$ cat query19.cif   # mmCIF, C-alpha atoms and all ligand atoms
data_start
loop_
_atom_site.label_atom_id
_atom_site.label_comp_id
_atom_site.auth_asym_id
_atom_site.auth_seq_id
_atom_site.Cartn_x
_atom_site.Cartn_y
_atom_site.Cartn_z
CA MET L 1 33.66 123.57 -196.40
CA ILE L 2 33.62 121.04 -199.21
CA GLN L 3 37.06 120.02 -200.31
CA ILE L 4 38.20 118.59 -203.61
CA ASN L 5 40.31 115.53 -204.29
CA GLU L 6 43.59 117.44 -204.64
CA HIS L 7 45.13 114.69 -206.72
CA TYR L 8 43.01 116.01 -209.60
CA LEU L 9 45.11 119.18 -209.52
CA LYS L 10 48.13 117.12 -210.52
CA LEU L 11 46.50 116.13 -213.81
CA GLN L 12 47.68 117.73 -217.00
CA ALA L 13 45.31 120.36 -218.42
CA SER L 14 42.89 118.09 -220.24
CA TYR L 15 42.51 114.61 -221.62
CA LEU L 16 44.64 114.29 -224.77
CA PHE L 17 41.80 113.63 -227.20
CA SER L 18 39.68 116.49 -225.79
CA ASP L 19 42.67 118.77 -226.22
CA ILE L 20 43.12 117.73 -229.84
CA ALA L 21 39.38 118.04 -230.52
CA LYS L 22 39.44 121.61 -229.15
CA ARG L 23 42.34 122.60 -231.45
CA VAL L 24 40.75 120.91 -234.46
CA ASN L 25 37.35 122.50 -233.79
CA ALA L 26 38.95 125.94 -233.43
CA TYR L 27 40.76 125.44 -236.74
CA GLN L 28 37.57 124.24 -238.46
CA ALA L 29 35.60 127.22 -237.09
CA ALA L 30 38.21 129.59 -238.51
CA ASN L 31 38.33 127.67 -241.83
CA PRO L 32 34.76 126.48 -242.41
CA ASP L 33 35.37 125.58 -246.07
CA LYS L 34 38.31 123.25 -245.43
CA LYS L 35 37.43 119.56 -245.53
CA LEU L 36 39.31 117.97 -242.65
CA ILE L 37 40.17 114.27 -242.64
CA ARG L 38 40.35 112.91 -239.11
CA MET L 39 42.99 110.25 -238.57
CA GLY L 40 43.64 111.20 -234.97
CA ILE L 41 41.44 109.45 -232.44
CA GLY L 42 40.97 105.75 -233.12
CA ASP L 43 37.25 105.97 -233.78
CA VAL L 44 35.72 103.59 -236.30
CA THR L 45 33.85 104.91 -239.33
CA GLU L 46 32.16 101.86 -240.85
CA PRO L 47 28.62 100.89 -239.80
CA LEU L 48 27.86 97.95 -237.51
CA PRO L 49 28.04 94.49 -239.11
CA ALA L 50 24.65 93.39 -240.47
CA ALA L 51 24.54 90.37 -238.13
CA CYS L 52 24.92 92.68 -235.10
CA LEU L 53 22.24 95.04 -236.39
CA GLU L 54 19.80 92.20 -236.94
CA ALA L 55 20.38 90.86 -233.43
CA PHE L 56 20.14 94.40 -232.03
CA HIS L 57 16.74 95.00 -233.71
CA ALA L 58 15.39 91.61 -232.63
CA ALA L 59 16.44 92.26 -229.01
CA ILE L 60 14.79 95.68 -229.04
CA ASP L 61 11.58 94.03 -230.22
CA GLU L 62 11.89 91.59 -227.31
CA MET L 63 12.16 94.55 -224.95
CA GLY L 64 8.91 95.91 -226.39
CA ALA L 65 6.81 92.84 -225.58
CA ARG L 66 5.56 92.05 -222.06
CA THR L 67 6.45 88.37 -222.38
CA SER L 68 10.08 88.96 -223.38
CA PHE L 69 10.80 92.30 -221.69
CA ARG L 70 13.85 92.33 -219.38
CA GLY L 71 14.72 94.67 -216.53
CA TYR L 72 18.10 94.61 -214.78
CA GLY L 73 20.37 91.94 -216.15
CA PRO L 74 23.32 90.30 -214.37
CA GLU L 75 25.94 93.02 -213.75
CA GLN L 76 28.68 90.71 -215.04
CA GLY L 77 26.88 90.15 -218.34
CA TYR L 78 24.36 87.63 -219.68
CA ASP L 79 25.56 84.08 -219.78
CA PHE L 80 24.93 83.83 -223.55
CA LEU L 81 27.62 86.47 -224.15
CA ARG L 82 30.07 85.39 -221.44
CA SER L 83 29.96 81.79 -222.70
CA ALA L 84 30.36 82.88 -226.32
CA ILE L 85 33.40 84.98 -225.41
CA ALA L 86 35.00 82.23 -223.33
CA LEU L 87 34.52 79.68 -226.10
CA ASN L 88 35.40 81.78 -229.14
CA GLU L 89 38.10 84.07 -227.79
CA TYR L 90 39.87 81.75 -225.38
CA GLN L 91 38.96 78.07 -225.28
CA SER L 92 39.28 77.82 -229.07
CA LEU L 93 42.88 79.14 -228.72
CA GLY L 94 43.60 76.58 -226.01
CA CYS L 95 43.38 79.19 -223.21
CA ASP L 96 41.82 77.97 -220.02
CA ILE L 97 39.27 80.74 -219.40
CA ALA L 98 35.76 80.07 -218.09
CA ALA L 99 32.60 82.11 -218.74
CA ASP L 100 32.39 83.24 -215.09
CA GLU L 101 35.85 84.81 -215.35
CA ILE L 102 34.51 87.26 -217.93
CA PHE L 103 33.01 90.58 -216.83
CA VAL L 104 31.08 92.32 -219.60
CA SER L 105 31.23 96.11 -219.44
CA ASP L 106 30.65 99.28 -221.41
CA GLY L 107 34.27 99.81 -222.43
CA ALA L 108 37.92 98.89 -222.04
CA LYS L 109 38.64 102.56 -221.31
CA CYS L 110 36.35 102.36 -218.26
CA ASP L 111 37.72 99.00 -217.14
CA THR L 112 41.41 99.88 -217.53
CA GLY L 113 40.62 103.11 -215.69
CA ASN L 114 38.57 101.55 -212.89
CA ILE L 115 40.59 98.43 -212.14
CA GLN L 116 43.23 100.31 -210.11
CA GLU L 117 40.56 101.04 -207.44
CA ILE L 118 40.82 97.51 -206.05
CA PHE L 119 44.59 97.79 -205.48
CA GLY L 120 46.36 99.60 -202.63
CA LEU L 121 47.67 103.12 -202.94
CA ASN L 122 51.20 102.06 -202.07
CA ASN L 123 51.64 99.83 -205.07
CA ARG L 124 54.48 100.77 -207.38
CA VAL L 125 52.99 101.27 -210.82
CA ALA L 126 54.74 100.80 -214.17
CA VAL L 127 53.33 102.24 -217.38
CA PRO L 128 54.66 102.21 -220.92
CA ASP L 129 55.94 105.46 -222.40
CA PRO L 130 54.33 106.37 -224.79
CA VAL L 131 51.14 105.37 -222.99
CA TYR L 132 47.38 105.33 -223.44
CA PRO L 133 46.68 108.30 -221.11
CA VAL L 134 43.89 106.57 -219.15
CA TYR L 135 46.34 104.31 -217.25
CA VAL L 136 48.28 107.31 -215.97
CA ASP L 137 45.44 109.74 -215.30
CA THR L 138 43.38 107.29 -213.27
CA ASN L 139 46.39 106.56 -211.06
CA VAL L 140 46.96 110.30 -210.68
CA MET L 141 43.32 110.73 -209.59
CA ALA L 142 43.75 107.94 -207.05
CA GLY L 143 46.89 109.52 -205.59
CA ARG L 144 49.37 106.86 -206.60
CA THR L 145 51.75 108.91 -208.75
CA GLY L 146 53.22 111.88 -206.90
CA THR L 147 53.60 115.17 -208.74
CA PHE L 148 54.35 115.98 -212.35
CA VAL L 149 57.95 117.12 -212.76
CA GLN L 150 59.53 117.81 -216.13
CA GLY L 151 57.04 115.79 -218.12
CA ARG L 152 56.74 112.80 -215.79
CA TYR L 153 55.06 111.77 -212.54
CA GLU L 154 57.71 111.19 -209.90
CA GLY L 155 56.07 108.10 -208.44
CA LEU L 156 55.57 106.13 -211.66
CA THR L 157 58.01 103.77 -213.33
CA TYR L 158 58.09 104.49 -217.05
CA LEU L 159 58.75 101.59 -219.42
CA GLU L 160 60.39 103.30 -222.35
CA CYS L 161 59.33 102.23 -225.84
CA THR L 162 61.84 103.61 -228.32
CA PRO L 163 63.11 102.93 -231.83
CA GLU L 164 66.11 101.18 -230.20
CA ASN L 165 63.98 98.52 -228.46
CA GLY L 166 61.48 98.23 -231.32
CA TYR L 167 58.93 99.99 -229.07
CA VAL L 168 58.67 96.92 -226.81
CA PRO L 169 59.93 97.89 -223.35
CA ALA L 170 62.52 96.05 -221.32
CA LEU L 171 61.65 94.71 -217.86
CA PRO L 172 62.06 97.35 -215.14
CA GLU L 173 65.29 97.36 -213.20
CA GLY L 174 63.61 97.64 -209.81
CA ASP L 175 60.49 96.00 -208.42
CA VAL L 176 57.02 97.13 -209.41
CA ASP L 177 53.64 95.74 -208.35
CA LEU L 178 51.16 96.82 -211.00
CA ILE L 179 52.24 96.70 -214.64
CA TYR L 180 50.23 98.10 -217.53
CA LEU L 181 51.00 96.48 -220.87
CA CYS L 182 49.14 97.05 -224.13
CA PHE L 183 49.65 94.84 -227.20
CA PRO L 184 49.07 95.45 -230.04
CA ASN L 185 50.16 98.74 -228.64
CA ASN L 186 48.24 101.94 -228.57
CA PRO L 187 49.74 104.29 -229.73
CA THR L 188 52.72 102.62 -231.45
CA GLY L 189 51.09 99.60 -233.09
CA ALA L 190 54.03 97.44 -231.95
CA VAL L 191 53.38 93.84 -230.90
CA ALA L 192 55.13 91.61 -228.35
CA THR L 193 56.39 88.14 -229.16
CA ARG L 194 55.60 85.06 -227.09
CA GLU L 195 59.12 85.17 -225.59
CA GLN L 196 58.74 88.83 -224.61
CA LEU L 197 55.39 88.19 -222.94
CA GLN L 198 56.79 85.09 -221.23
CA ALA L 199 59.51 87.27 -219.68
CA TRP L 200 56.87 89.70 -218.35
CA VAL L 201 54.84 86.85 -216.89
CA GLU L 202 57.94 85.41 -215.20
CA TYR L 203 58.82 88.86 -213.82
CA ALA L 204 55.30 89.31 -212.43
CA LEU L 205 55.17 85.82 -210.92
CA SER L 206 58.54 86.25 -209.24
CA ARG L 207 57.46 89.57 -207.60
CA ARG L 208 53.82 88.63 -206.94
CA ALA L 209 52.97 91.57 -209.22
CA ILE L 210 49.94 91.86 -211.51
CA ILE L 211 49.98 92.62 -215.24
CA LEU L 212 47.04 94.65 -216.54
CA TYR L 213 47.05 93.52 -220.16
CA ASP L 214 45.13 95.76 -222.55
CA ALA L 215 44.40 93.69 -225.65
CA ALA L 216 41.75 95.99 -227.15
CA TYR L 217 43.41 95.61 -230.59
CA TRP L 218 43.96 91.84 -230.57
CA ALA L 219 41.71 91.31 -233.59
CA PHE L 220 44.16 93.18 -235.82
CA ILE L 221 47.05 90.76 -235.26
CA ARG L 222 47.91 89.14 -238.59
CA ASP L 223 51.09 87.28 -237.69
CA PRO L 224 50.12 83.81 -236.41
CA GLN L 225 53.23 83.70 -234.20
CA ILE L 226 52.12 86.72 -232.13
CA PRO L 227 49.98 85.87 -229.08
CA ARG L 228 46.49 87.39 -229.12
CA SER L 229 45.99 86.93 -225.41
CA ILE L 230 48.26 87.06 -222.37
CA PHE L 231 46.52 83.84 -221.36
CA GLU L 232 48.36 82.03 -224.16
CA ILE L 233 51.41 82.38 -221.90
CA PRO L 234 51.89 79.70 -219.21
CA GLY L 235 51.58 81.21 -215.73
CA ALA L 236 49.47 84.20 -216.83
CA ARG L 237 46.41 82.98 -214.95
CA GLU L 238 48.33 83.62 -211.70
CA CYS L 239 49.48 87.15 -212.61
CA ALA L 240 47.33 88.82 -215.27
CA ILE L 241 44.04 90.52 -216.02
CA GLU L 242 43.07 91.07 -219.67
CA PHE L 243 40.93 93.82 -221.17
CA ARG L 244 39.21 93.63 -224.54
CA SER L 245 36.57 95.52 -226.40
CA PHE L 246 34.17 95.14 -229.33
CA SER L 247 34.77 98.78 -230.24
CA LYS L 248 37.50 98.37 -232.80
CA ASN L 249 36.83 94.98 -234.38
CA ALA L 250 33.04 95.24 -234.63
CA GLY L 251 32.55 99.00 -234.68
CA PHE L 252 31.05 99.33 -231.18
CA THR L 253 32.71 102.65 -230.21
CA GLY L 254 29.28 104.29 -230.09
CA THR L 255 27.37 101.17 -229.08
CA ARG L 256 29.60 100.31 -226.07
CA CYS L 257 30.48 96.75 -225.15
CA ALA L 258 33.74 95.30 -223.82
CA PHE L 259 34.94 92.72 -221.33
CA THR L 260 37.59 92.07 -218.71
CA VAL L 261 38.96 88.65 -217.84
CA VAL L 262 39.93 88.01 -214.23
CA PRO L 263 41.13 84.44 -213.55
CA LYS L 264 39.72 82.92 -210.40
CA GLU L 265 43.10 81.99 -208.91
CA LEU L 266 44.64 85.46 -209.31
CA LYS L 267 45.71 86.79 -205.91
CA ALA L 268 46.73 90.09 -204.36
CA TYR L 269 47.69 90.57 -200.72
CA ASP L 270 46.40 92.51 -197.73
CA GLY L 271 48.60 94.46 -195.30
CA ALA L 272 49.26 91.31 -193.30
CA GLY L 273 50.40 89.43 -196.40
CA GLU L 274 47.24 87.32 -196.57
CA ALA L 275 46.14 86.43 -200.09
CA VAL L 276 42.83 87.81 -201.39
CA LEU L 277 41.19 86.66 -204.62
CA VAL L 278 41.16 89.50 -207.13
CA HIS L 279 38.13 88.00 -208.93
CA LYS L 280 36.12 88.41 -205.75
CA LEU L 281 37.19 92.05 -205.34
CA TRP L 282 36.48 92.98 -208.95
CA ASN L 283 33.12 91.22 -208.77
CA ARG L 284 32.31 93.27 -205.65
CA ARG L 285 33.36 96.50 -207.32
CA HIS L 286 31.56 95.72 -210.59
CA THR L 287 28.26 94.72 -208.93
CA THR L 288 28.35 97.79 -206.69
CA LYS L 289 29.15 100.42 -209.28
CA PHE L 290 27.83 98.99 -212.55
CA ASN L 291 24.42 97.75 -213.61
CA GLY L 292 25.31 95.83 -216.72
CA VAL L 293 25.40 96.50 -220.45
CA SER L 294 21.93 96.70 -222.01
CA TYR L 295 20.40 93.45 -223.27
CA PRO L 296 20.14 94.56 -226.94
CA VAL L 297 23.80 95.60 -226.96
CA GLN L 298 24.91 92.26 -225.52
CA LYS L 299 22.77 90.46 -228.11
CA ALA L 300 24.39 92.56 -230.84
CA ALA L 301 27.86 91.72 -229.47
CA ALA L 302 27.13 87.98 -229.29
CA ALA L 303 26.12 88.07 -232.97
CA ILE L 304 29.74 88.57 -234.01
CA TYR L 305 30.27 84.90 -233.16
CA SER L 306 27.67 83.72 -235.71
CA ASP L 307 29.02 82.59 -239.10
CA ALA L 308 27.73 85.76 -240.77
CA GLY L 309 29.02 87.97 -237.93
CA ARG L 310 32.45 86.43 -238.10
CA ALA L 311 32.69 87.01 -241.87
CA GLN L 312 31.44 90.60 -241.57
CA VAL L 313 33.90 91.44 -238.80
CA ALA L 314 36.72 89.95 -240.88
CA THR L 315 35.71 92.24 -243.75
CA LEU L 316 35.81 95.29 -241.47
CA ILE L 317 39.24 94.37 -240.15
CA ASP L 318 40.53 93.74 -243.67
CA LEU L 319 39.36 97.18 -244.71
CA TYR L 320 41.08 98.97 -241.82
CA MET L 321 44.25 96.90 -242.17
CA ALA L 322 44.47 97.68 -245.89
CA ASN L 323 44.21 101.36 -244.89
CA ALA L 324 46.99 100.83 -242.36
CA ALA L 325 49.22 99.25 -245.01
CA LEU L 326 48.59 102.19 -247.35
CA ILE L 327 49.46 104.69 -244.61
CA ARG L 328 52.64 102.89 -243.68
CA THR L 329 53.92 102.39 -247.22
CA THR L 330 53.15 106.00 -248.12
CA MET L 331 54.92 107.41 -245.06
CA GLU L 332 57.90 105.10 -245.63
CA SER L 333 58.09 106.13 -249.26
CA LEU L 334 58.32 109.74 -248.05
CA GLY L 335 61.34 108.75 -245.97
CA TYR L 336 59.74 108.40 -242.52
CA ALA L 337 60.59 105.39 -240.33
CA CYS L 338 57.38 103.72 -239.16
CA VAL L 339 56.22 100.96 -236.87
CA GLY L 340 52.74 99.44 -236.60
CA GLY L 341 50.12 99.09 -239.29
CA ASP L 342 50.97 95.41 -239.89
CA ASN L 343 49.39 93.89 -236.77
CA ALA L 344 47.59 96.99 -235.53
CA PRO L 345 45.38 99.77 -236.90
CA TYR L 346 47.85 102.48 -235.87
CA VAL L 347 50.97 103.64 -237.67
CA TRP L 348 53.59 105.33 -235.48
CA ILE L 349 55.74 107.67 -237.49
CA GLN L 350 59.10 109.18 -236.60
CA THR L 351 58.76 112.78 -237.69
CA GLY L 352 62.18 114.05 -236.77
CA ALA L 353 60.43 117.20 -235.53
CA SER L 354 58.37 118.34 -232.56
CA SER L 355 55.23 116.25 -232.68
CA TRP L 356 52.87 119.17 -231.96
CA GLU L 357 54.57 121.18 -234.75
CA PHE L 358 54.10 118.27 -237.13
CA PHE L 359 50.47 117.97 -235.99
CA ASP L 360 49.89 121.68 -236.73
CA ARG L 361 51.60 121.40 -240.11
CA LEU L 362 49.45 118.44 -241.18
CA LEU L 363 46.31 120.16 -239.90
CA GLN L 364 46.95 123.56 -241.42
CA SER L 365 48.61 122.61 -244.69
CA ALA L 366 46.98 119.26 -245.49
CA GLY L 367 43.74 119.37 -243.49
CA VAL L 368 44.65 116.01 -241.92
CA VAL L 369 44.31 115.34 -238.20
CA CYS L 370 46.90 113.05 -236.59
CA THR L 371 47.73 112.48 -232.92
CA PRO L 372 50.95 114.10 -231.69
CA GLY L 373 53.18 111.54 -230.01
CA ALA L 374 54.16 113.90 -227.20
CA GLY L 375 50.58 113.68 -225.95
CA PHE L 376 51.26 110.04 -225.04
CA GLY L 377 54.41 110.75 -223.04
CA LYS L 378 58.01 111.84 -223.20
CA CYS L 379 59.08 109.00 -225.51
CA GLY L 380 56.30 109.98 -227.91
CA GLU L 381 58.07 113.23 -228.76
CA GLY L 382 59.35 113.21 -232.34
CA HIS L 383 56.50 110.91 -233.41
CA VAL L 384 52.90 111.16 -234.58
CA ARG L 385 50.23 108.48 -234.81
CA LEU L 386 47.97 108.03 -237.82
CA SER L 387 44.86 105.93 -237.32
CA ALA L 388 43.63 103.56 -240.04
CA PHE L 389 40.03 103.87 -238.86
CA ASN L 390 38.53 105.68 -241.81
CA SER L 391 36.93 105.05 -245.18
CA ARG L 392 39.28 104.04 -248.01
CA ALA L 393 38.35 107.19 -249.93
CA ASN L 394 39.31 109.43 -246.99
CA VAL L 395 42.58 107.57 -246.38
CA GLU L 396 43.53 107.86 -250.05
CA GLU L 397 42.71 111.54 -250.13
CA ALA L 398 44.58 112.21 -246.87
CA LEU L 399 47.64 110.40 -248.17
CA GLN L 400 47.53 112.31 -251.43
CA ARG L 401 47.48 115.59 -249.49
CA ILE L 402 50.28 114.39 -247.20
CA ARG L 403 52.36 113.32 -250.20
CA ALA L 404 51.90 116.73 -251.81
CA LEU L 405 52.96 118.44 -248.58
CA LEU L 406 55.89 116.25 -247.54
CA LYS L 407 57.45 114.90 -250.73
CA PRO L 408 61.17 115.58 -250.65
C1 LIG Y 1 42.68 106.21 -229.28
O1 LIG Y 1 42.56 106.95 -230.23
O2 LIG Y 1 43.76 106.04 -228.69
C2 LIG Y 1 41.48 105.46 -228.83
O3 LIG Y 1 40.35 105.82 -229.56
C3 LIG Y 1 41.22 105.70 -227.45
C4 LIG Y 1 40.15 104.85 -226.90
O4 LIG Y 1 39.82 103.80 -227.45
O5 LIG Y 1 39.64 105.25 -225.87
#
$ encode --input "query19.cif" --output "structure tokens"
Amino acid sequence: MIQINEHYLKLQASYLFSDIAKRVNAYQAANPDKKLIRMGIGDVTEPLPAACLEAFHAAIDEMGARTSFRGYGPEQGYDFLRSAIALNEYQSLGCDIAADEIFVSDGAKCDTGNIQEIFGLNNRVAVPDPVYPVYVDTNVMAGRTGTFVQGRYEGLTYLECTPENGYVPALPEGDVDLIYLCFPNNPTGAVATREQLQAWVEYALSRRAIILYDAAYWAFIRDPQIPRSIFEIPGARECAIEFRSFSKNAGFTGTRCAFTVVPKELKAYDGAGEAVLVHKLWNRRHTTKFNGVSYPVQKAAAAIYSDAGRAQVATLIDLYMANAALIRTTMESLGYACVGGDNAPYVWIQTGASSWEFFDRLLQSAGVVCTPGAGFGKCGEGHVRLSAFNSRANVEEALQRIRALLKP
């Protein structure tokens, strides 16, 4: 008799964003004339930069000609893209990252979800709370978390992000082995300073732990003092893996291209305490289970490093960040304490009420979709997240409706 992986039964009913989509779709079906403005899921709205489109079209033409057609590419990504990433994202910041430490993939969601496979089931895992649900759910599926009791998995260490600590968690009191950090943070939009990241790196080095650093929103950092990469921190090459994506900066959510950086000296240990190179393990996993991002998509991604691409991406980011500023100032003017929106495309709002109730109120009375904080964890209760990924016209209209609903 075929048996299931029983760890799946420990998962909460459905993935947060599917749950929200179901509620929103049900509401829309019952109210077909209402124009909803979606500021829930962080999905971009603006079209691909022209430089990416041009490169995309040209690469498709190459695929249509016998002389330039390509079949399977390198699973880790074409060298033209890996080298461009290493140079433009790291070496130009003074970070010592080589092209062959970059693994191109189809998404940071997939990579942050899959990476745990190469680590043992007995590792003690720390996740932020509130948390991007993928870190938790993939560890639940693997059997690393224990059961869900009163809103938390017994086997996880939760790093609480609260108004008191500015939504940047303190180091754990005990020892953990695998630490998920995300800055700029999803969902709170908070950022970590160099000193705060240095403390995490020192903690990880002293325990031979590994930091899984999700930097999918690095491009939105405006403050020059805030590190864009964990690899700006001395020692990070010995204790960190970084995840990034082209989804949010260059509008690739539907096109799919991302990358993960695994330094060659990063080590984890076998049962006998012998060191094993993590790069080698991830390379083995990646080449076994993944066949590479398509050539036209990688060409389109590389185009963001051209002069035109760079300028067009900057314009996109400016647009979303101006939306974020509008959201934050509006919510603050209505008396809500907020974080984020200054170095991140998310604004995290203290609602002073149940976050699902606030979600329902915004949906039903303003036709605006937000993300309820409780969906990201216990510490998310009493908060909602508004995403700045939308057109200016939609953001202005949503804020007008919110103002009308919430003005004191
Ligand atoms: C979010 O809304 O948190 C993001 O869209 C999730 C993701 O990028 O997968």
$ axis_aligned_box --input "query19.cif" --around "stretch 186-199 of chain L" --padding-each-side "6 Å" --output "AutoDock Vina command-line options"
--center_x 53.9 --center_y 94.7 --center_z -226.4 --size_x 23.3 --size_y 31.2 --size_z 25.4
$ closest_residue --input "query19.cif" --among "L:Val347, L:Leu87, L:Leu48, L:Ala404" --to "ligand LIG 1 (chain Y)" --atoms "all atoms listed in the file"
L:Val347
$ residues_around --input "query19.cif" --residues "stretch 162-164 of chain L" --least-positions-apart "3" --cutoff "9 Å" --atoms "all atoms listed in the file" --output "compact mmCIF listing (two decimals) with C-alpha atoms, in the coordinates of the input"
# COMPACT_ATOMS: atom_id res chain seq x y z
CA ASP L 129 55.94 105.46 -222.40
CA PRO L 130 54.33 106.37 -224.79
CA TYR L 167 58.93 99.99 -229.07
CA VAL L 168 58.67 96.92 -226.81
CA PRO L 169 59.93 97.89 -223.35
CA VAL L 339 56.22 100.96 -236.87
CA GLN L 350 59.10 109.18 -236.60
CA CYS L 379 59.08 109.00 -225.51
CA GLY L 380 56.30 109.98 -227.91
$ closest_residue --input "query19.cif" --among "L:Asn122, L:Asn186, L:Ser365, L:Asn291" --to "ligand LIG 1 (chain Y)" --atoms "all atoms listed in the file"
L:Asn186
$ residues_near_ligand --input "query19.cif" --ligand "ligand LIG 1 (chain Y)" --cutoff "8 Å" --atoms "all atoms listed in the file" --output "VMD selection string"
chain L and resid 17 40 to 43 108 to 109 132 186 to 187 247 to 248 253 387
$ residues_around --input "query19.cif" --residues "L:Leu36" --least-positions-apart "2" --cutoff "9 Å" --atoms "all atoms listed in the file" --output "VMD selection string"
chain L and resid 24 28 34 38 363 366 to 369 398
$ residues_near_point --input "query19.cif" --point "(41.4, 76.3, -222.6)" --cutoff "12 Å" --atoms "only C-alpha atoms" --output "number ranges by chain"
L: 86-99, 229, 231-234, 237
$ residues_around --input "query19.cif" --residues "stretch 150-157 of chain L" --least-positions-apart "3" --cutoff "10 Å" --atoms "only C-alpha atoms" --output "list in words"
Lys10, Leu11, Gln12, Asn123, Arg124, Val125, Ala126, Val127, Pro128, Asp129, Val136, Asn139, Val140, Gly143, Arg144, Thr145, Gly146, Thr147, Glu160, Pro172, Glu173, Gly174, Asp175, Val176, Ile179, Ala374, Gly377 and Lys378 of chain L
$ atom_distance --input "query19.cif" --atom1 "atom CA of L:Leu212" --atom2 "atom CA of L:Thr45"
28.3 Å
$ residues_around --input "query19.cif" --residues "L:Pro227" --least-positions-apart "5" --cutoff "9 Å" --atoms "all atoms listed in the file" --output "list in words"
Val191, Ala192, Thr193, Arg194, Leu197, Trp218, Ile221, Glu232 and Ile233 of chain L
$ write_last_selection --input "query19.cif" --atoms "C-alpha atoms" --output "JSON list (two decimals), in the frame of the given file"
[["chain", "number", "residue", "atom", "x", "y", "z"],
["L", 191, "VAL", "CA", 53.38, 93.84, -230.90],
["L", 192, "ALA", "CA", 55.13, 91.61, -228.35],
["L", 193, "THR", "CA", 56.39, 88.14, -229.16],
["L", 194, "ARG", "CA", 55.60, 85.06, -227.09],
["L", 197, "LEU", "CA", 55.39, 88.19, -222.94],
["L", 218, "TRP", "CA", 43.96, 91.84, -230.57],
["L", 221, "ILE", "CA", 47.05, 90.76, -235.26],
["L", 232, "GLU", "CA", 48.36, 82.03, -224.16],
["L", 233, "ILE", "CA", 51.41, 82.38, -221.90]]
$ closest_residue --input "query19.cif" --among "L:Ala240, L:Ala204, L:Ala30, L:Leu16" --to "L:Thr260" --atoms "all atoms listed in the file"
L:Ala240
$ atom_distance --input "query19.cif" --atom1 "atom CA of L:Glu238" --atom2 "atom CA of L:His279"
11.4 Å
$ closest_residue --input "query19.cif" --among "L:Ala216, L:Cys52, L:Ala65, L:Ile118" --to "L:Gly309" --atoms "all atoms listed in the file"
L:Cys52
$ build_atoms --input "query19.cif" --residues "stretch 350-363 of chain L" --atoms "N, CA and C atoms" --output "mmCIF file, keeping the file's coordinate frame"
data_model
loop_
_atom_site.group_PDB
_atom_site.id
_atom_site.type_symbol
_atom_site.label_atom_id
_atom_site.label_comp_id
_atom_site.auth_asym_id
_atom_site.auth_seq_id
_atom_site.Cartn_x
_atom_site.Cartn_y
_atom_site.Cartn_z
ATOM 1 N N GLN L 350 58.033 108.308 -237.125
ATOM 2 C CA GLN L 350 59.100 109.180 -236.600
ATOM 3 C C GLN L 350 59.155 110.421 -237.473
ATOM 4 N N THR L 351 58.878 111.564 -236.885
ATOM 5 C CA THR L 351 58.760 112.780 -237.690
ATOM 6 C C THR L 351 60.068 113.557 -237.768
ATOM 7 N N GLY L 352 60.935 113.290 -236.799
ATOM 8 C CA GLY L 352 62.180 114.050 -236.770
ATOM 9 C C GLY L 352 61.938 115.506 -236.420
ATOM 10 N N ALA L 353 60.758 115.819 -235.909
ATOM 11 C CA ALA L 353 60.430 117.200 -235.530
ATOM 12 C C ALA L 353 59.518 117.138 -234.324
ATOM 13 N N SER L 354 59.297 118.283 -233.692
ATOM 14 C CA SER L 354 58.370 118.340 -232.560
ATOM 15 C C SER L 354 57.023 117.789 -233.010
ATOM 16 N N SER L 355 56.437 116.917 -232.202
ATOM 17 C CA SER L 355 55.230 116.250 -232.680
ATOM 18 C C SER L 355 54.040 117.201 -232.750
ATOM 19 N N TRP L 356 53.970 118.199 -231.849
ATOM 20 C CA TRP L 356 52.870 119.170 -231.960
ATOM 21 C C TRP L 356 53.058 120.058 -233.187
ATOM 22 N N GLU L 357 54.327 120.382 -233.533
ATOM 23 C CA GLU L 357 54.570 121.180 -234.750
ATOM 24 C C GLU L 357 54.145 120.407 -235.989
ATOM 25 N N PHE L 358 54.470 119.114 -235.992
ATOM 26 C CA PHE L 358 54.100 118.270 -237.130
ATOM 27 C C PHE L 358 52.575 118.167 -237.217
ATOM 28 N N PHE L 359 51.934 118.020 -236.052
ATOM 29 C CA PHE L 359 50.470 117.970 -235.990
ATOM 30 C C PHE L 359 49.878 119.232 -236.622
ATOM 31 N N ASP L 360 50.402 120.411 -236.209
ATOM 32 C CA ASP L 360 49.890 121.680 -236.730
ATOM 33 C C ASP L 360 50.123 121.791 -238.241
ATOM 34 N N ARG L 361 51.280 121.306 -238.671
ATOM 35 C CA ARG L 361 51.600 121.400 -240.110
ATOM 36 C C ARG L 361 50.618 120.543 -240.916
ATOM 37 N N LEU L 362 50.394 119.314 -240.452
ATOM 38 C CA LEU L 362 49.450 118.440 -241.180
ATOM 39 C C LEU L 362 48.048 119.042 -241.171
ATOM 40 N N LEU L 363 47.663 119.587 -240.021
ATOM 41 C CA LEU L 363 46.310 120.160 -239.900
ATOM 42 C C LEU L 363 46.160 121.362 -240.829
#
